[in-house]
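Asker: Input structure: data.cif, which contains mmCIF, C-alpha atoms.
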data_model
#
loop_
_atom_site.label_atom_id
_atom_site.label_comp_id
_atom_site.auth_asym_id
_atom_site.auth_seq_id
_atom_site.Cartn_x
_atom_site.Cartn_y
_atom_site.Cartn_z
CA MET E 1 -94.95 166.27 -52.20
CA PHE E 2 -94.20 162.55 -52.42
CA PRO E 3 -91.15 161.57 -54.59
CA THR E 4 -93.19 160.06 -57.43
CA ARG E 5 -90.05 159.99 -59.62
CA LEU E 6 -88.85 157.16 -57.37
CA ILE E 7 -92.04 155.19 -57.99
CA ARG E 8 -91.81 155.81 -61.74
CA LYS E 9 -88.31 154.38 -61.73
CA LEU E 10 -89.38 151.32 -59.73
CA VAL E 11 -92.29 150.70 -62.09
CA ARG E 12 -90.13 151.00 -65.21
CA GLU E 13 -87.15 148.92 -64.07
CA GLU E 14 -86.89 145.13 -64.01
CA PRO E 15 -86.69 143.92 -60.38
CA THR E 16 -84.45 141.31 -58.82
CA PHE E 17 -87.52 139.30 -57.82
CA ARG E 18 -91.27 139.42 -58.39
CA GLY E 19 -93.67 138.33 -55.65
CA GLY E 20 -97.45 138.12 -55.68
CA LEU E 21 -98.20 141.83 -55.31
CA TYR E 22 -94.72 143.36 -55.30
CA LYS E 23 -91.42 143.94 -57.07
CA LEU E 24 -88.22 143.59 -55.03
CA PHE E 25 -84.97 145.37 -55.92
CA ASN E 26 -81.52 144.57 -54.50
CA GLY E 27 -78.78 147.22 -54.46
CA PHE E 28 -80.96 150.17 -55.47
CA THR E 29 -79.76 153.80 -55.26
CA TRP E 30 -81.86 156.98 -55.35
CA GLU E 31 -80.93 160.68 -55.27
CA GLU E 32 -82.82 163.92 -54.60
CA LYS E 33 -81.68 167.51 -54.07
CA ARG E 34 -84.05 168.05 -51.15
CA LEU E 35 -86.34 166.12 -48.84
CA PRO E 36 -90.02 165.97 -49.83
CA ASP E 37 -92.33 168.03 -47.62
CA LEU E 38 -94.50 165.28 -46.11
CA THR E 39 -96.49 164.68 -42.92
CA TYR E 40 -97.53 161.46 -41.21
CA GLU E 41 -101.16 162.51 -41.58
CA GLN E 42 -100.85 162.81 -45.37
CA LEU E 43 -99.54 159.25 -45.46
CA GLY E 44 -102.42 157.93 -43.37
CA PHE E 45 -100.57 157.37 -40.08
CA LYS E 46 -101.94 158.08 -36.63
CA GLY E 47 -100.33 160.43 -34.12
CA HIS E 48 -98.16 157.74 -32.50
CA LYS E 49 -96.03 157.11 -35.62
CA ASP E 50 -93.47 159.79 -34.75
CA ARG E 51 -92.93 158.30 -31.27
CA GLN E 52 -92.62 154.81 -32.72
CA LEU E 53 -89.97 155.79 -35.29
CA LYS E 54 -87.93 157.78 -32.79
CA LYS E 55 -88.06 154.83 -30.41
CA ASN E 56 -86.78 152.54 -33.16
CA TYR E 57 -84.10 154.80 -34.63
CA ILE E 58 -83.07 157.66 -32.34
CA ASN E 59 -80.27 157.25 -29.78
CA GLU E 60 -79.73 160.51 -27.92
CA GLU E 61 -76.07 159.82 -27.09
CA GLU E 62 -75.35 159.11 -30.75
CA PHE E 63 -76.97 162.37 -31.83
CA GLN E 64 -74.99 164.34 -29.26
CA ARG E 65 -71.77 162.72 -30.47
CA VAL E 66 -72.48 163.71 -34.08
CA GLU E 67 -73.55 167.24 -33.10
CA GLU E 68 -70.25 167.77 -31.24
CA ILE E 69 -68.20 166.55 -34.21
CA LEU E 70 -70.06 168.74 -36.70
CA THR E 71 -69.64 171.79 -34.46
CA ARG E 72 -65.94 171.12 -33.93
CA ARG E 73 -65.26 170.57 -37.62
CA SER E 74 -67.53 173.28 -38.97
CA ARG E 75 -66.65 174.97 -42.26
CA GLY E 76 -63.94 177.57 -42.17
CA ARG E 77 -61.80 175.97 -39.43
CA GLY E 78 -59.14 174.39 -41.61
CA HIS E 79 -60.78 171.02 -42.27
CA HIS E 80 -61.00 170.40 -46.00
CA MET E 81 -63.32 167.44 -45.52
CA THR E 82 -65.62 166.14 -42.81
CA SER E 83 -67.39 162.80 -43.08
CA VAL E 84 -69.26 161.60 -40.00
CA ALA E 85 -71.57 158.61 -39.66
CA LEU E 86 -74.69 158.52 -37.50
CA SER E 87 -76.20 155.18 -36.48
CA PHE E 88 -79.97 154.77 -36.41
CA ARG E 89 -79.91 151.93 -33.90
CA GLY E 90 -82.44 152.96 -31.30
CA GLU E 91 -84.18 150.52 -29.01
CA ALA E 92 -82.70 147.00 -29.13
CA LYS E 93 -84.37 144.51 -31.45
CA ARG E 94 -85.60 141.08 -30.44
CA ARG E 95 -83.30 138.14 -31.28
CA GLN E 96 -85.58 136.90 -34.07
CA SER E 97 -85.59 140.32 -35.79
CA GLN E 98 -83.57 140.68 -39.00
CA GLY E 99 -82.42 144.11 -37.79
CA TRP E 100 -83.19 147.78 -38.24
CA CYS E 101 -84.56 148.83 -41.63
CA LEU E 102 -82.88 152.26 -41.64
CA LEU E 103 -79.27 151.67 -40.60
CA SER E 104 -77.18 154.82 -40.82
CA MET E 105 -76.56 158.25 -42.28
CA VAL E 106 -73.26 159.69 -43.52
CA ILE E 107 -72.83 163.48 -43.56
CA SER E 108 -70.01 164.64 -45.85
CA ARG E 109 -68.80 168.24 -46.12
CA MET E 110 -66.18 169.68 -48.44
CA ARG E 111 -64.63 173.13 -48.03
CA ARG E 112 -63.42 173.48 -51.65
CA PRO E 113 -65.70 173.17 -53.47
CA ALA E 114 -68.28 174.01 -50.81
CA LEU E 115 -70.44 170.91 -50.81
CA GLU E 116 -72.61 169.05 -48.30
CA THR E 117 -74.06 165.62 -49.04
CA VAL E 118 -76.09 163.21 -46.93
CA GLU E 119 -76.30 159.50 -47.63
CA PHE E 120 -78.76 157.08 -45.98
CA HIS E 121 -78.17 153.34 -45.81
CA TYR E 122 -81.04 150.85 -45.65
CA ARG E 123 -81.29 147.15 -44.97
CA SER E 124 -84.81 146.96 -46.39
CA THR E 125 -87.96 149.04 -46.84
CA GLU E 126 -91.27 149.36 -48.69
CA ALA E 127 -91.26 152.26 -51.15
CA ILE E 128 -94.51 154.14 -50.40
CA PHE E 129 -95.96 153.82 -46.90
CA LYS E 130 -92.92 152.92 -44.78
CA PHE E 131 -90.30 154.89 -46.71
CA GLY E 132 -92.70 157.84 -46.74
CA ALA E 133 -92.84 157.80 -42.95
CA ASP E 134 -89.04 157.65 -42.77
CA LEU E 135 -88.86 160.76 -44.98
CA VAL E 136 -90.88 162.65 -42.36
CA LEU E 137 -88.47 161.49 -39.66
CA MET E 138 -85.49 162.54 -41.82
CA LYS E 139 -86.87 166.08 -41.90
CA TRP E 140 -86.69 166.10 -38.10
CA VAL E 141 -83.12 164.74 -38.23
CA PHE E 142 -82.04 167.50 -40.64
CA ASN E 143 -83.55 170.17 -38.40
CA ARG E 144 -81.96 168.65 -35.29
CA LEU E 145 -78.47 168.57 -36.86
CA ASN E 146 -78.90 171.83 -38.81
CA LEU E 147 -78.26 170.10 -42.14
CA ASN E 148 -78.88 171.69 -45.53
CA PRO E 149 -77.34 169.27 -48.04
CA ASP E 150 -76.79 169.98 -51.71
CA LEU E 151 -77.54 166.33 -52.49
CA ILE E 152 -79.29 163.48 -50.66
CA ARG E 153 -78.61 159.87 -51.60
CA TRP E 154 -80.35 156.69 -50.45
CA ARG E 155 -78.74 153.27 -50.80
CA PHE E 156 -81.18 150.39 -50.36
CA ALA E 157 -79.86 146.87 -49.95
CA ASN E 158 -83.51 145.94 -50.57
CA ILE E 159 -86.56 148.00 -51.53
CA HIS E 160 -89.91 146.75 -52.75
CA LEU E 161 -92.90 148.33 -54.48
CA SER E 162 -96.14 146.75 -53.28
CA GLY E 163 -99.62 147.10 -54.77
CA VAL E 164 -101.11 147.06 -51.29
CA TYR E 165 -99.93 150.62 -50.60
CA LEU E 166 -101.19 152.28 -53.78
CA PRO E 167 -104.11 154.09 -52.04
CA THR E 168 -101.56 156.13 -50.08
CA LEU E 169 -99.72 157.01 -53.30
CA PHE E 170 -102.97 158.35 -54.74
CA ASN E 171 -102.73 161.32 -52.39
CA TRP E 172 -100.21 162.66 -54.93
CA TRP E 173 -100.85 160.74 -58.14
CA ASP E 174 -104.21 160.44 -59.90
CA PRO E 175 -105.12 156.70 -59.74
CA ILE E 176 -106.20 156.35 -63.38
CA ASP E 177 -103.08 158.13 -64.61
CA PHE E 178 -100.94 155.87 -62.42
CA LEU E 179 -102.68 152.67 -63.54
CA GLN E 180 -102.26 153.69 -67.17
CA PHE E 181 -98.56 154.33 -66.49
CA VAL E 182 -98.17 150.86 -64.96
CA HIS E 183 -100.08 149.29 -67.87
CA ASP E 184 -97.73 150.95 -70.36
CA ASN E 185 -94.49 150.13 -68.50
CA ASP E 186 -94.88 146.86 -66.59
CA ILE E 187 -97.71 144.57 -67.62
CA ASP E 188 -96.77 141.94 -65.03
CA PHE E 189 -97.07 144.43 -62.16
CA PHE E 190 -100.28 145.69 -63.76
CA LYS E 191 -101.66 142.15 -63.71
CA ARG E 192 -100.57 141.11 -60.23
CA GLY E 193 -99.63 144.27 -58.35
CA CYS E 194 -102.93 146.05 -59.05
CA ARG E 195 -105.12 143.02 -58.33
CA TRP E 196 -105.59 143.82 -54.62
CA LEU E 197 -106.54 147.42 -55.49
CA LEU E 198 -109.30 146.15 -57.79
CA ARG E 199 -110.60 143.87 -55.05
CA SER E 200 -110.61 146.68 -52.51
CA SER E 201 -112.43 148.98 -54.93
CA TYR E 202 -115.42 146.65 -55.48
CA THR E 203 -117.16 147.47 -52.19
CA GLU E 204 -116.33 149.20 -48.93
CA ASP E 205 -117.90 146.43 -46.84
CA GLN E 206 -114.87 144.14 -46.78
CA PHE E 207 -112.54 143.12 -43.96
CA PHE E 208 -108.85 142.28 -44.50
CA PRO E 209 -107.28 140.45 -41.52
CA TYR E 210 -103.78 141.50 -42.66
CA SER E 211 -103.48 144.91 -40.99
CA PRO E 212 -101.71 146.87 -43.81
CA GLU E 213 -104.39 145.76 -46.27
CA GLN E 214 -107.17 146.86 -43.93
CA VAL E 215 -105.51 150.24 -43.37
CA GLN E 216 -105.06 150.79 -47.11
CA HIS E 217 -108.61 149.61 -47.81
CA LYS E 218 -109.90 152.37 -45.51
CA ILE E 219 -107.64 154.93 -47.20
CA ASN E 220 -108.87 153.79 -50.61
CA TRP E 221 -112.46 154.50 -49.58
CA SER E 222 -111.72 157.78 -47.80
CA HIS E 223 -110.26 159.70 -50.76
CA SER E 224 -112.17 162.82 -51.75
CA GLU E 225 -110.36 163.16 -55.12
CA TYR E 226 -111.76 159.93 -56.60
CA HIS E 227 -114.26 157.16 -55.95
CA PRO E 228 -113.07 153.51 -56.05
CA SER E 229 -115.70 152.77 -58.70
CA GLU E 230 -113.49 154.74 -61.12
CA ILE E 231 -110.71 152.20 -60.52
CA VAL E 232 -113.10 149.30 -61.16
CA LYS E 233 -114.32 150.95 -64.36
CA PHE E 234 -110.75 151.28 -65.62
CA LEU E 235 -109.22 147.98 -64.45
CA GLU E 236 -111.96 145.40 -64.87
CA PRO E 237 -112.41 145.65 -68.68
CA LEU E 238 -108.64 145.38 -69.18
CA TYR E 239 -108.40 142.37 -66.88
CA VAL E 240 -111.21 140.68 -68.80
CA ALA E 241 -109.63 141.54 -72.17
CA TYR E 242 -106.27 140.05 -71.13
CA GLY E 243 -107.93 136.95 -69.69
CA TYR E 244 -106.83 137.69 -66.12
CA ASP E 245 -108.91 136.21 -63.32
CA LEU E 246 -110.98 138.82 -61.52
CA PRO E 247 -110.44 138.95 -57.74
CA LYS E 248 -113.21 137.85 -55.40
CA LEU E 249 -114.59 139.97 -52.59
CA HIS E 250 -112.84 139.54 -49.27
CA HIS E 251 -114.46 138.82 -45.90
CA GLN E 252 -117.33 140.87 -44.59
CA ARG E 253 -116.60 141.99 -41.04
CA GLU E 254 -119.85 140.51 -39.71
CA THR E 255 -119.09 137.03 -41.04
CA TYR E 256 -115.30 136.90 -40.66
CA GLN E 257 -113.92 134.46 -38.10
CA THR E 258 -110.28 133.99 -37.19
CA ARG E 259 -108.93 130.45 -37.31
CA ARG E 260 -108.64 130.43 -33.52
CA LYS E 261 -112.25 131.52 -33.03
CA LYS E 262 -113.44 129.02 -35.62
CA SER E 263 -111.59 126.12 -33.95
CA VAL E 264 -112.97 127.04 -30.50
CA GLU E 265 -116.55 127.07 -31.80
CA GLU E 266 -116.04 123.73 -33.54
CA ASP E 267 -114.75 122.17 -30.31
#
Could you write out this structure as structure tokens?
Answerer:
Amino acid sequence: MFPTRLIRKLVREEPTFRGGLYKLFNGFTWEEKRLPDLTYEQLGFKGHKDRQLKKNYINEEEFQRVEEILTRRSRGRGHHMTSVALSFRGEAKRRQSQGWCLLSMVISRMRRPALETVEFHYRSTEAIFKFGADLVLMKWVFNRLNLNPDLIRWRFANIHLSGVYLPTLFNWWDPIDFLQFVHDNDIDFFKRGCRWLLRSSYTEDQFFPYSPEQVQHKINWSHSEYHPSEIVKFLEPLYVAYGYDLPKLHHQRETYQTRRKKSVEED
């Protein structure tokens, strides 16, 4: 189950900055008592996603170091408190990269009262698609380190909610119910953040050169629980009533040309 309470909070709260299709929050904290039970397939990822994330974030020597410390300082051996940090710096980043998105995890254990907490630290992430994938990886981390925390906390230096990734969210949240919730709680995000979703829902025969949009467009049209025409029926009259411009259809695959291809043909 996806943590929809997180999305509700992001919709309701005023962000640090508003972009075209997204809301950006600085210094955001979130807590849950357990990890959601998610899979990469439910989120729309292919089979290589697990390998990619482990390549980015998992350092075997670092995991062995933390395993040894946790074993040595296990409960009942006289240590009233254990607090060990695990770095998620896997494969080195290129010089132009801003750094790893998921940075570290702190495991804290108290003997009296008996309490185990886990805290994750983020540089930046997107709240649905990318954070969802990280939650699947975190399940693997918990199993690897034999963790069963009483509380899990995430600290995000930056987290953003983007309208591009709403089709993935609709695996767990009825689209019309969600759009009504956005309408009632954040009219600006309703106006701008849902605009791409309306465009995608007009017709399946569109091509989006920006890869995440194309992936989400396919997910939008592959749902068995709803048809995109339901989204159009709900959104379009409200957009018209508020005087919002309706989005235009995007490229058709047969007619789309990249700038490079277009310039070569003109030469």
Asker: As a PyMOL selection string, please: the residues near E:Tyr242 (cut-off 12 Å, only C-alpha atoms, same-chain neighbours under 4 positions excluded).
Answerer: chain E and resi 183+187-188+190-191+235-238+246
Asker: Once the PyMOL selection byres ((chain E and resi 45) around 12) has been evaluated on this model, what residues remain selected, and can you format them as a PyMOL selection string?
Answerer: chain E and resi 38-44+46-53+129-130+132-134+136+168+212+215-216+218-219
Asker: If you take every atom of stretch 81-94 of chain E that the file lists and fit an axis-aligned box around them with 3 Å extra on each side, what centre and edge lengths come out in Å to one decimal, as JSON?
Answerer:
{"center_x": -74.5, "center_y": 154.3, "center_z": -37.3, "size_x": 28.3, "size_y": 32.4, "size_z": 22.5}
Asker: Could you write out as JSON, numbers by chain the residues that the PyMOL selection byres ((chain E and resi 89) around 7) matches in the shown file?
Answerer: {"E": [56, 57, 58, 59, 87, 88, 90, 91, 100, 103]}
Asker: Starting from the shown file, work through the PyMOL selection byres ((chain E and resi 163) around 7) and note down what comes out as a PyMOL selection string.
Answerer: chain E and resi 21-22+161-162+164-166+193-194+196-197
